[in-house]
Amino acid sequence: MSRLSGAELTIRLLENQGVTHIAGIPGGFNLPLYDALGRRGTIRHILARHEQGAGFIAQGMARVTGRPGVVFATSGPGATNTLTALADARMDSVPLVCITGQVPLNMIGTDAFQEVDIYGMSISATKHNFIVRSIDELLRVIPEAFAIAAGDRPGPVLVDIPRDVQAAMVELDALPAPGVPAPMPEPDKQALTRASELLNRARRPLLLLGGGTSSPEASQAVLHFMETLRIPAVMSLQGLGAIPHGHELAVGMLGMHGARASNMLVDECDLLVVVGARLGDRATGRLDSFCPKTGIIHIDIDACEVGKLRTPQVGITADAAQALRALLPLARHNDHQKWLERVWACKAEHGLHFDRTDEVCSPYGIIAHVAKVLNGAGLVATDVGQHQMRTAQAYPMTHPRQWLTSGGLGTMGFGLPSAIGASLAKPEETVVCFTGDGSLLMNIQEMATAVENKANVKIVLCNNEALGLVQQQQDLFFGGRLFGSAYTAGTDFVRIAEGFGMPAWHLDQEHDPESVLEQALRMRGPCLLEVRMSPEEKVFPMVPPGAANSQMIEGVNS
Amino acid sequence: MSGAITSELTTLHLSVNNHPGVLSHVCGLFAGRAYNLEGVLVTPEAEGDVCRMWLVVKDDGRMEQIVKQVRKLHDVLDVRVGHAEPAVFNRLAGCLEC
């Protein structure tokens, strides 16, 4: 074929994987890669303003498409800046490939300028990582990185490429085949049979849906399974959107800020079928009080999750869609009508009710009004904090891959860059980023990226001049001693947004905030809408950290 | 790793890819998940592409989970729960005294 440098070969291999966008920042030790990327001109580069931003832009693209997002960063600080986005992707099982520049091989270990052992540092933040020691290794490593990132339980993969490997030359006849994930083995037949026996005996079965059901394929299989067998479902934070909000068999989110009904029904069911959820502590509350007498069937793509925290009666290592499709023909269509009536009564009595939804400029009102304007369309990203929990509780998610939130790692600063990534991957969509002042400040530099790329991102800033969820815990569990959690500088976010070149409004100073909101959501391009709220408004209901899910603290919206 | 290795321990026999990062991946897993790793022995095998690794592990009831996690590492080709007497490690330590 031709004579290529390591950098050119890397770009060809990325093209070969079908990569369309790369988010990143150039620097001394990845400049050959950038030069090759620029000269080739086939992949769109998104210049982030911080490598963590680049990591979350790539995550946004991955979360809405299901395909690996790609990040470029230089050595040293560029590489370390990606670590939070990688760790976040690992926790929430998001496929990423992060390619870092490194000092030349013969300088590794000499404390060279911008040298850091990113291979060693990223071991625990990634699903797997590589350091490429020769140009020939690139031919194997790049396809393998994509196969690993997207395979079985998806996750982030880091590939560290020393500058001299980028500059080395190779003669090549043809590119290797793109790396594709190995198919998952068929679920174990005996386990399926035992699961069907439990299911057929159950009088009060309940599904718990997690992030493993968030692909369109899994979501379809889940809906078919539950509608055929008439089994209701609760969702973890990442399982929201797997089945449409308002579905008669959807109970709602469980856990720390979930609906009381969900936590109660988990206690009342006689069989819990956990599908693609890892039973994280925010979902289960105190583990020994989490449906202690109930049988559990645990279906997860990762064998390690089955039995990690709770020994199930039956564990099935499989993709959610695969497992449910195989389980359905073995299941009897039992009559659960009495149980369903109990579920509906419980949902009516103990479901979530939101306060002041008719007021645009209120914590739940802004969510309700955005949802009303978008009417089921659009993608929803959040940051981390009170606004995130309120959005999870109240936004009527209609379809899988609509919902982007940092669940496992809980990374403030996730919202804006991941919304930009979502918008780049789905340019026809309106992407709303619900955020707080604390979170927005953590990656606010990406406003420049949003403007530069005309990303159709609507930043809805719930500004309470505080770390609201921190203050909530200080107020409830630390004797009301609010310390280190107030933002007293009176930062003017509207002026900041305008300074970055995006239109912005103080929504609560507008005459007709509803029409301003509608106009802002309907125009193309990025903008910011600020809504002021009081830091004293808490998110309820709430399970105190470390308590059982049955011990929810009530509030106005429970 | 203080004191002699006692016999209440289990030995894991691993076959792993031989490159400089493998030991970090294995030890990093044990550190990150708070599993007790009492001893490690590594020797290259065949053409040098593969290493054999023996891990002495304190079984605190999580052995099944530990084995699954080790198996999940990309460079780990095979894991067996061994029956070798962990005291071998103590004798080996004696041999290596100089």
# chains A, B, ... in the order shown; residues from 1 in each chain; ligands from 1
call {"tool": "interface_residues", "arguments": {"of": "chain A", "to": "chain B", "cutoff": "9 Å", "atoms": "only C-alpha atoms", "output": "ChimeraX atom specification"}}
result
/A:119-120,123-124,127-128,130-131,148,302-308
call {"tool": "write_last_selection", "arguments": {"atoms": "N, CA and C atoms", "output": "mmCIF file, in the first residue's frame"}}
result
data_model
loop_
_atom_site.group_PDB
_atom_site.id
_atom_site.type_symbol
_atom_site.label_atom_id
_atom_site.label_comp_id
_atom_site.auth_asym_id
_atom_site.auth_seq_id
_atom_site.Cartn_x
_atom_site.Cartn_y
_atom_site.Cartn_z
ATOM 1 N N TYR A 119 0.569 5.210 31.929
ATOM 2 C CA TYR A 119 0.218 3.785 31.876
ATOM 3 C C TYR A 119 -0.042 3.279 33.296
ATOM 4 N N GLY A 120 0.906 3.522 34.183
ATOM 5 C CA GLY A 120 0.736 3.079 35.568
ATOM 6 C C GLY A 120 -0.437 3.766 36.248
ATOM 7 N N ILE A 123 -4.113 2.476 35.176
ATOM 8 C CA ILE A 123 -4.505 1.065 35.304
ATOM 9 C C ILE A 123 -5.874 0.937 35.985
ATOM 10 N N SER A 124 -6.044 1.607 37.124
ATOM 11 C CA SER A 124 -7.287 1.406 37.867
ATOM 12 C C SER A 124 -8.431 2.272 37.338
ATOM 13 N N LYS A 127 -10.535 0.106 31.695
ATOM 14 C CA LYS A 127 -10.826 -1.316 31.564
ATOM 15 C C LYS A 127 -9.541 -2.051 31.190
ATOM 16 N N HIS A 128 -8.756 -1.416 30.331
ATOM 17 C CA HIS A 128 -7.440 -1.941 29.983
ATOM 18 C C HIS A 128 -6.616 -0.800 29.414
ATOM 19 N N PHE A 130 -2.635 0.288 27.295
ATOM 20 C CA PHE A 130 -1.462 -0.173 26.539
ATOM 21 C C PHE A 130 -0.422 0.933 26.510
ATOM 22 N N ILE A 131 0.856 0.546 26.486
ATOM 23 C CA ILE A 131 1.882 1.458 26.018
ATOM 24 C C ILE A 131 2.466 0.799 24.773
ATOM 25 N N ILE A 148 -11.874 -4.010 22.859
ATOM 26 C CA ILE A 148 -12.017 -4.087 24.316
ATOM 27 C C ILE A 148 -13.005 -3.031 24.811
ATOM 28 N N ASP A 302 -21.260 -8.777 33.044
ATOM 29 C CA ASP A 302 -19.974 -8.932 33.714
ATOM 30 C C ASP A 302 -20.113 -9.972 34.826
ATOM 31 N N ALA A 303 -19.422 -11.095 34.658
ATOM 32 C CA ALA A 303 -19.521 -12.187 35.633
ATOM 33 C C ALA A 303 -19.175 -11.712 37.041
ATOM 34 N N CYS A 304 -18.305 -10.708 37.147
ATOM 35 C CA CYS A 304 -17.885 -10.219 38.469
ATOM 36 C C CYS A 304 -19.028 -9.556 39.236
ATOM 37 N N GLU A 305 -20.005 -9.003 38.516
ATOM 38 C CA GLU A 305 -21.104 -8.320 39.211
ATOM 39 C C GLU A 305 -22.057 -9.318 39.861
ATOM 40 N N VAL A 306 -22.114 -10.518 39.299
ATOM 41 C CA VAL A 306 -23.018 -11.537 39.840
ATOM 42 C C VAL A 306 -22.375 -12.108 41.101
ATOM 43 N N GLY A 307 -22.960 -11.806 42.235
ATOM 44 C CA GLY A 307 -22.409 -12.306 43.488
ATOM 45 C C GLY A 307 -21.389 -11.380 44.125
ATOM 46 N N LYS A 308 -21.114 -10.213 43.531
ATOM 47 C CA LYS A 308 -20.118 -9.298 44.115
ATOM 48 C C LYS A 308 -20.595 -8.759 45.458
#
call {"tool": "select_by_dssp", "arguments": {"residues": "stretch 191-296 of chain A", "states": "alpha helix (DSSP H)", "output": "count of residues only"}}
result
38
call {"tool": "closest_residue", "arguments": {"among": "A:Val157, A:Leu416, A:Leu352, A:Ala73", "to": "A:Asn456", "atoms": "only C-alpha atoms"}}
result
A:Leu416
call {"tool": "residues_around", "arguments": {"residues": "A:Arg286", "least_positions_apart": "3", "cutoff": "6 Å", "atoms": "only C-alpha atoms", "output": "list in words"}}
result
Ser289, Gly546, Ala547 and Ala548 of chain A
call {"tool": "select_by_dssp", "arguments": {"residues": "stretch 8-94 of chain B", "states": "strand (DSSP E)", "output": "MDAnalysis selection string"}}
result
chainID B and resid 9:17 37:45 50:58 76:82
call {"tool": "write_last_selection", "arguments": {"atoms": "N, CA and C atoms", "output": "mmCIF file, in the first residue's frame"}}
result
data_model
loop_
_atom_site.group_PDB
_atom_site.id
_atom_site.type_symbol
_atom_site.label_atom_id
_atom_site.label_comp_id
_atom_site.auth_asym_id
_atom_site.auth_seq_id
_atom_site.Cartn_x
_atom_site.Cartn_y
_atom_site.Cartn_z
ATOM 1 N N LEU B 9 -3.708 -20.446 53.550
ATOM 2 C CA LEU B 9 -3.771 -19.605 52.358
ATOM 3 C C LEU B 9 -4.001 -20.456 51.115
ATOM 4 N N THR B 10 -4.494 -19.789 50.085
ATOM 5 C CA THR B 10 -4.735 -20.454 48.813
ATOM 6 C C THR B 10 -3.704 -19.956 47.803
ATOM 7 N N THR B 11 -3.357 -20.801 46.882
ATOM 8 C CA THR B 11 -2.438 -20.371 45.824
ATOM 9 C C THR B 11 -3.199 -20.280 44.515
ATOM 10 N N LEU B 12 -3.058 -19.170 43.819
ATOM 11 C CA LEU B 12 -3.626 -19.037 42.479
ATOM 12 C C LEU B 12 -2.510 -19.196 41.454
ATOM 13 N N HIS B 13 -2.745 -20.045 40.464
ATOM 14 C CA HIS B 13 -1.775 -20.230 39.389
ATOM 15 C C HIS B 13 -2.280 -19.464 38.177
ATOM 16 N N LEU B 14 -1.489 -18.516 37.727
ATOM 17 C CA LEU B 14 -1.898 -17.716 36.574
ATOM 18 C C LEU B 14 -0.958 -17.947 35.405
ATOM 19 N N SER B 15 -1.532 -17.864 34.219
ATOM 20 C CA SER B 15 -0.720 -17.777 33.020
ATOM 21 C C SER B 15 -1.016 -16.399 32.448
ATOM 22 N N VAL B 16 0.030 -15.597 32.238
ATOM 23 C CA VAL B 16 -0.194 -14.202 31.835
ATOM 24 C C VAL B 16 0.707 -13.835 30.658
ATOM 25 N N ASN B 17 0.275 -12.822 29.886
ATOM 26 C CA ASN B 17 1.151 -12.279 28.840
ATOM 27 C C ASN B 17 2.380 -11.668 29.492
ATOM 28 N N LEU B 37 -3.005 -9.961 49.364
ATOM 29 C CA LEU B 37 -2.017 -10.675 48.551
ATOM 30 C C LEU B 37 -0.783 -10.880 49.425
ATOM 31 N N GLU B 38 -0.455 -12.146 49.690
ATOM 32 C CA GLU B 38 0.612 -12.437 50.654
ATOM 33 C C GLU B 38 1.934 -12.762 49.978
ATOM 34 N N GLY B 39 1.863 -13.258 48.747
ATOM 35 C CA GLY B 39 3.111 -13.602 48.073
ATOM 36 C C GLY B 39 2.929 -13.656 46.570
ATOM 37 N N VAL B 40 3.992 -13.346 45.846
ATOM 38 C CA VAL B 40 3.956 -13.358 44.385
ATOM 39 C C VAL B 40 5.235 -13.996 43.869
ATOM 40 N N LEU B 41 5.107 -14.898 42.917
ATOM 41 C CA LEU B 41 6.282 -15.469 42.259
ATOM 42 C C LEU B 41 5.995 -15.483 40.762
ATOM 43 N N VAL B 42 6.947 -14.978 39.970
ATOM 44 C CA VAL B 42 6.749 -14.902 38.525
ATOM 45 C C VAL B 42 7.957 -15.484 37.806
ATOM 46 N N THR B 43 7.696 -16.344 36.824
ATOM 47 C CA THR B 43 8.800 -16.818 35.982
ATOM 48 C C THR B 43 8.349 -16.855 34.528
ATOM 49 N N PRO B 44 9.254 -16.498 33.599
ATOM 50 C CA PRO B 44 8.897 -16.559 32.183
ATOM 51 C C PRO B 44 8.822 -18.002 31.706
ATOM 52 N N GLU B 45 8.069 -18.218 30.650
ATOM 53 C CA GLU B 45 7.835 -19.562 30.155
ATOM 54 C C GLU B 45 7.975 -19.598 28.645
ATOM 55 N N VAL B 50 4.953 -15.680 27.483
ATOM 56 C CA VAL B 50 4.001 -15.954 28.560
ATOM 57 C C VAL B 50 4.785 -16.115 29.865
ATOM 58 N N CYS B 51 4.150 -15.705 30.965
ATOM 59 C CA CYS B 51 4.757 -15.929 32.278
ATOM 60 C C CYS B 51 3.826 -16.799 33.103
ATOM 61 N N ARG B 52 4.401 -17.563 33.987
ATOM 62 C CA ARG B 52 3.595 -18.212 35.024
ATOM 63 C C ARG B 52 3.701 -17.354 36.262
ATOM 64 N N MET B 53 2.575 -17.237 36.958
ATOM 65 C CA MET B 53 2.559 -16.398 38.145
ATOM 66 C C MET B 53 1.853 -17.175 39.242
ATOM 67 N N TRP B 54 2.463 -17.209 40.424
ATOM 68 C CA TRP B 54 1.810 -17.828 41.575
ATOM 69 C C TRP B 54 1.469 -16.725 42.564
ATOM 70 N N LEU B 55 0.233 -16.703 42.980
ATOM 71 C CA LEU B 55 -0.182 -15.701 43.961
ATOM 72 C C LEU B 55 -0.623 -16.431 45.224
ATOM 73 N N VAL B 56 -0.090 -16.010 46.362
ATOM 74 C CA VAL B 56 -0.574 -16.556 47.629
ATOM 75 C C VAL B 56 -1.594 -15.571 48.179
ATOM 76 N N VAL B 57 -2.800 -16.073 48.376
ATOM 77 C CA VAL B 57 -3.922 -15.198 48.702
ATOM 78 C C VAL B 57 -4.590 -15.670 49.975
ATOM 79 N N LYS B 58 -4.904 -14.730 50.848
ATOM 80 C CA LYS B 58 -5.635 -15.068 52.063
ATOM 81 C C LYS B 58 -7.112 -15.152 51.693
ATOM 82 N N VAL B 76 -4.453 -11.749 31.493
ATOM 83 C CA VAL B 76 -4.465 -13.033 32.192
ATOM 84 C C VAL B 76 -5.090 -14.075 31.267
ATOM 85 N N LEU B 77 -4.307 -15.094 30.941
ATOM 86 C CA LEU B 77 -4.776 -16.093 29.974
ATOM 87 C C LEU B 77 -5.490 -17.240 30.664
ATOM 88 N N ASP B 78 -5.087 -17.530 31.897
ATOM 89 C CA ASP B 78 -5.682 -18.662 32.595
ATOM 90 C C ASP B 78 -5.501 -18.482 34.109
ATOM 91 N N VAL B 79 -6.481 -18.929 34.872
ATOM 92 C CA VAL B 79 -6.387 -18.897 36.332
ATOM 93 C C VAL B 79 -6.822 -20.248 36.871
ATOM 94 N N ARG B 80 -6.029 -20.821 37.754
ATOM 95 C CA ARG B 80 -6.463 -22.030 38.451
ATOM 96 C C ARG B 80 -6.261 -21.827 39.938
ATOM 97 N N VAL B 81 -7.211 -22.328 40.704
ATOM 98 C CA VAL B 81 -7.044 -22.290 42.148
ATOM 99 C C VAL B 81 -6.188 -23.501 42.496
ATOM 100 N N GLY B 82 -4.986 -23.237 43.027
ATOM 101 C CA GLY B 82 -4.000 -24.299 43.182
ATOM 102 C C GLY B 82 -4.103 -25.024 44.512
#
call {"tool": "closest_residue", "arguments": {"among": "A:Gly27, A:Gly479, A:Gly385, A:Leu324", "to": "A:Met226", "atoms": "only C-alpha atoms"}}
result
A:Leu324
call {"tool": "closest_residue", "arguments": {"among": "A:Leu31, A:Pro162, A:Trp344, A:Gly211", "to": "A:Leu404", "atoms": "only C-alpha atoms"}}
result
A:Gly211
call {"tool": "closest_residue", "arguments": {"among": "B:His19, B:Val88, B:Ala34, B:Cys27", "to": "B:Gly48", "atoms": "only C-alpha atoms"}}
result
B:His19
call {"tool": "residues_around", "arguments": {"residues": "A:Asn263", "least_positions_apart": "4", "cutoff": "8 Å", "atoms": "only C-alpha atoms", "output": "number ranges by chain"}}
result
A: 254-255, 258-259, 267, 549-550
call {"tool": "closest_residue", "arguments": {"among": "A:Phe477, A:Phe225, A:Phe500, A:Phe29", "to": "A:Leu330", "atoms": "only C-alpha atoms"}}
result
A:Phe225
call {"tool": "decode", "arguments": {"residues": "stretch 4-98 of chain B", "atoms": "C-alpha atoms", "output": "mmCIF file, in the first residue's frame"}}
result
data_model
loop_
_atom_site.group_PDB
_atom_site.id
_atom_site.type_symbol
_atom_site.label_atom_id
_atom_site.label_comp_id
_atom_site.auth_asym_id
_atom_site.auth_seq_id
_atom_site.Cartn_x
_atom_site.Cartn_y
_atom_site.Cartn_z
ATOM 1 C CA ALA B 4 6.016 -16.773 57.567
ATOM 2 C CA ILE B 5 3.239 -17.630 55.138
ATOM 3 C CA THR B 6 0.843 -20.002 56.836
ATOM 4 C CA SER B 7 -1.035 -22.895 55.333
ATOM 5 C CA GLU B 8 -4.517 -21.311 55.599
ATOM 6 C CA LEU B 9 -3.771 -19.605 52.358
ATOM 7 C CA THR B 10 -4.735 -20.454 48.813
ATOM 8 C CA THR B 11 -2.438 -20.371 45.824
ATOM 9 C CA LEU B 12 -3.626 -19.037 42.479
ATOM 10 C CA HIS B 13 -1.775 -20.230 39.389
ATOM 11 C CA LEU B 14 -1.898 -17.716 36.574
ATOM 12 C CA SER B 15 -0.720 -17.777 33.020
ATOM 13 C CA VAL B 16 -0.194 -14.202 31.835
ATOM 14 C CA ASN B 17 1.151 -12.279 28.840
ATOM 15 C CA ASN B 18 4.759 -11.347 29.440
ATOM 16 C CA HIS B 19 5.175 -7.584 29.215
ATOM 17 C CA PRO B 20 6.293 -4.947 31.694
ATOM 18 C CA GLY B 21 2.818 -3.868 32.833
ATOM 19 C CA VAL B 22 1.316 -7.219 33.772
ATOM 20 C CA LEU B 23 2.526 -7.324 37.355
ATOM 21 C CA SER B 24 1.132 -3.799 37.881
ATOM 22 C CA HIS B 25 -2.265 -4.885 36.582
ATOM 23 C CA VAL B 26 -2.406 -7.920 38.863
ATOM 24 C CA CYS B 27 -1.063 -6.199 41.984
ATOM 25 C CA GLY B 28 -3.132 -3.090 41.239
ATOM 26 C CA LEU B 29 -6.292 -5.206 41.210
ATOM 27 C CA PHE B 30 -5.486 -6.667 44.631
ATOM 28 C CA ALA B 31 -4.659 -3.247 46.087
ATOM 29 C CA GLY B 32 -7.646 -1.503 44.517
ATOM 30 C CA ARG B 33 -10.183 -4.067 45.695
ATOM 31 C CA ALA B 34 -8.597 -4.589 49.101
ATOM 32 C CA TYR B 35 -7.854 -8.284 48.599
ATOM 33 C CA ASN B 36 -5.006 -9.706 50.636
ATOM 34 C CA LEU B 37 -2.017 -10.675 48.551
ATOM 35 C CA GLU B 38 0.612 -12.437 50.654
ATOM 36 C CA GLY B 39 3.111 -13.602 48.073
ATOM 37 C CA VAL B 40 3.956 -13.358 44.385
ATOM 38 C CA LEU B 41 6.282 -15.469 42.259
ATOM 39 C CA VAL B 42 6.749 -14.902 38.525
ATOM 40 C CA THR B 43 8.800 -16.818 35.982
ATOM 41 C CA PRO B 44 8.897 -16.559 32.183
ATOM 42 C CA GLU B 45 7.835 -19.562 30.155
ATOM 43 C CA ALA B 46 8.106 -21.011 26.660
ATOM 44 C CA GLU B 47 9.552 -18.435 24.235
ATOM 45 C CA GLY B 48 9.182 -15.718 26.847
ATOM 46 C CA ASP B 49 5.771 -14.529 25.556
ATOM 47 C CA VAL B 50 4.001 -15.954 28.560
ATOM 48 C CA CYS B 51 4.757 -15.929 32.278
ATOM 49 C CA ARG B 52 3.595 -18.212 35.024
ATOM 50 C CA MET B 53 2.559 -16.398 38.145
ATOM 51 C CA TRP B 54 1.810 -17.828 41.575
ATOM 52 C CA LEU B 55 -0.182 -15.701 43.961
ATOM 53 C CA VAL B 56 -0.574 -16.556 47.629
ATOM 54 C CA VAL B 57 -3.922 -15.198 48.702
ATOM 55 C CA LYS B 58 -5.635 -15.068 52.063
ATOM 56 C CA ASP B 59 -9.116 -16.472 51.569
ATOM 57 C CA ASP B 60 -11.483 -14.180 53.468
ATOM 58 C CA GLY B 61 -14.558 -15.670 51.840
ATOM 59 C CA ARG B 62 -14.188 -13.735 48.623
ATOM 60 C CA MET B 63 -12.109 -16.273 46.677
ATOM 61 C CA GLU B 64 -14.743 -16.795 43.974
ATOM 62 C CA GLN B 65 -14.962 -13.038 43.384
ATOM 63 C CA ILE B 66 -11.152 -12.688 43.408
ATOM 64 C CA VAL B 67 -10.796 -15.416 40.784
ATOM 65 C CA LYS B 68 -13.456 -13.782 38.605
ATOM 66 C CA GLN B 69 -11.785 -10.392 38.867
ATOM 67 C CA VAL B 70 -8.348 -11.834 38.059
ATOM 68 C CA ARG B 71 -9.802 -13.736 35.108
ATOM 69 C CA LYS B 72 -11.271 -10.482 33.772
ATOM 70 C CA LEU B 73 -7.813 -8.894 33.401
ATOM 71 C CA HIS B 74 -7.030 -8.717 29.720
ATOM 72 C CA ASP B 75 -3.481 -10.081 30.026
ATOM 73 C CA VAL B 76 -4.465 -13.033 32.192
ATOM 74 C CA LEU B 77 -4.776 -16.093 29.974
ATOM 75 C CA ASP B 78 -5.682 -18.662 32.595
ATOM 76 C CA VAL B 79 -6.387 -18.897 36.332
ATOM 77 C CA ARG B 80 -6.463 -22.030 38.451
ATOM 78 C CA VAL B 81 -7.044 -22.290 42.148
ATOM 79 C CA GLY B 82 -4.000 -24.299 43.182
ATOM 80 C CA HIS B 83 -3.514 -26.978 45.766
ATOM 81 C CA ALA B 84 0.222 -26.393 46.096
ATOM 82 C CA GLU B 85 1.346 -26.082 49.675
ATOM 83 C CA PRO B 86 1.821 -22.353 50.313
ATOM 84 C CA ALA B 87 4.716 -23.345 52.586
ATOM 85 C CA VAL B 88 6.679 -23.793 49.365
ATOM 86 C CA PHE B 89 7.000 -20.030 49.443
ATOM 87 C CA ASN B 90 8.658 -20.189 52.856
ATOM 88 C CA ARG B 91 11.148 -22.798 51.666
ATOM 89 C CA LEU B 92 11.765 -20.722 48.546
ATOM 90 C CA ALA B 93 12.431 -17.686 50.723
ATOM 91 C CA GLY B 94 15.031 -19.799 52.554
ATOM 92 C CA CYS B 95 16.687 -20.779 49.258
ATOM 93 C CA LEU B 96 16.889 -17.168 48.171
ATOM 94 C CA GLU B 97 18.517 -15.941 51.421
ATOM 95 C CA CYS B 98 22.033 -14.820 50.755
#
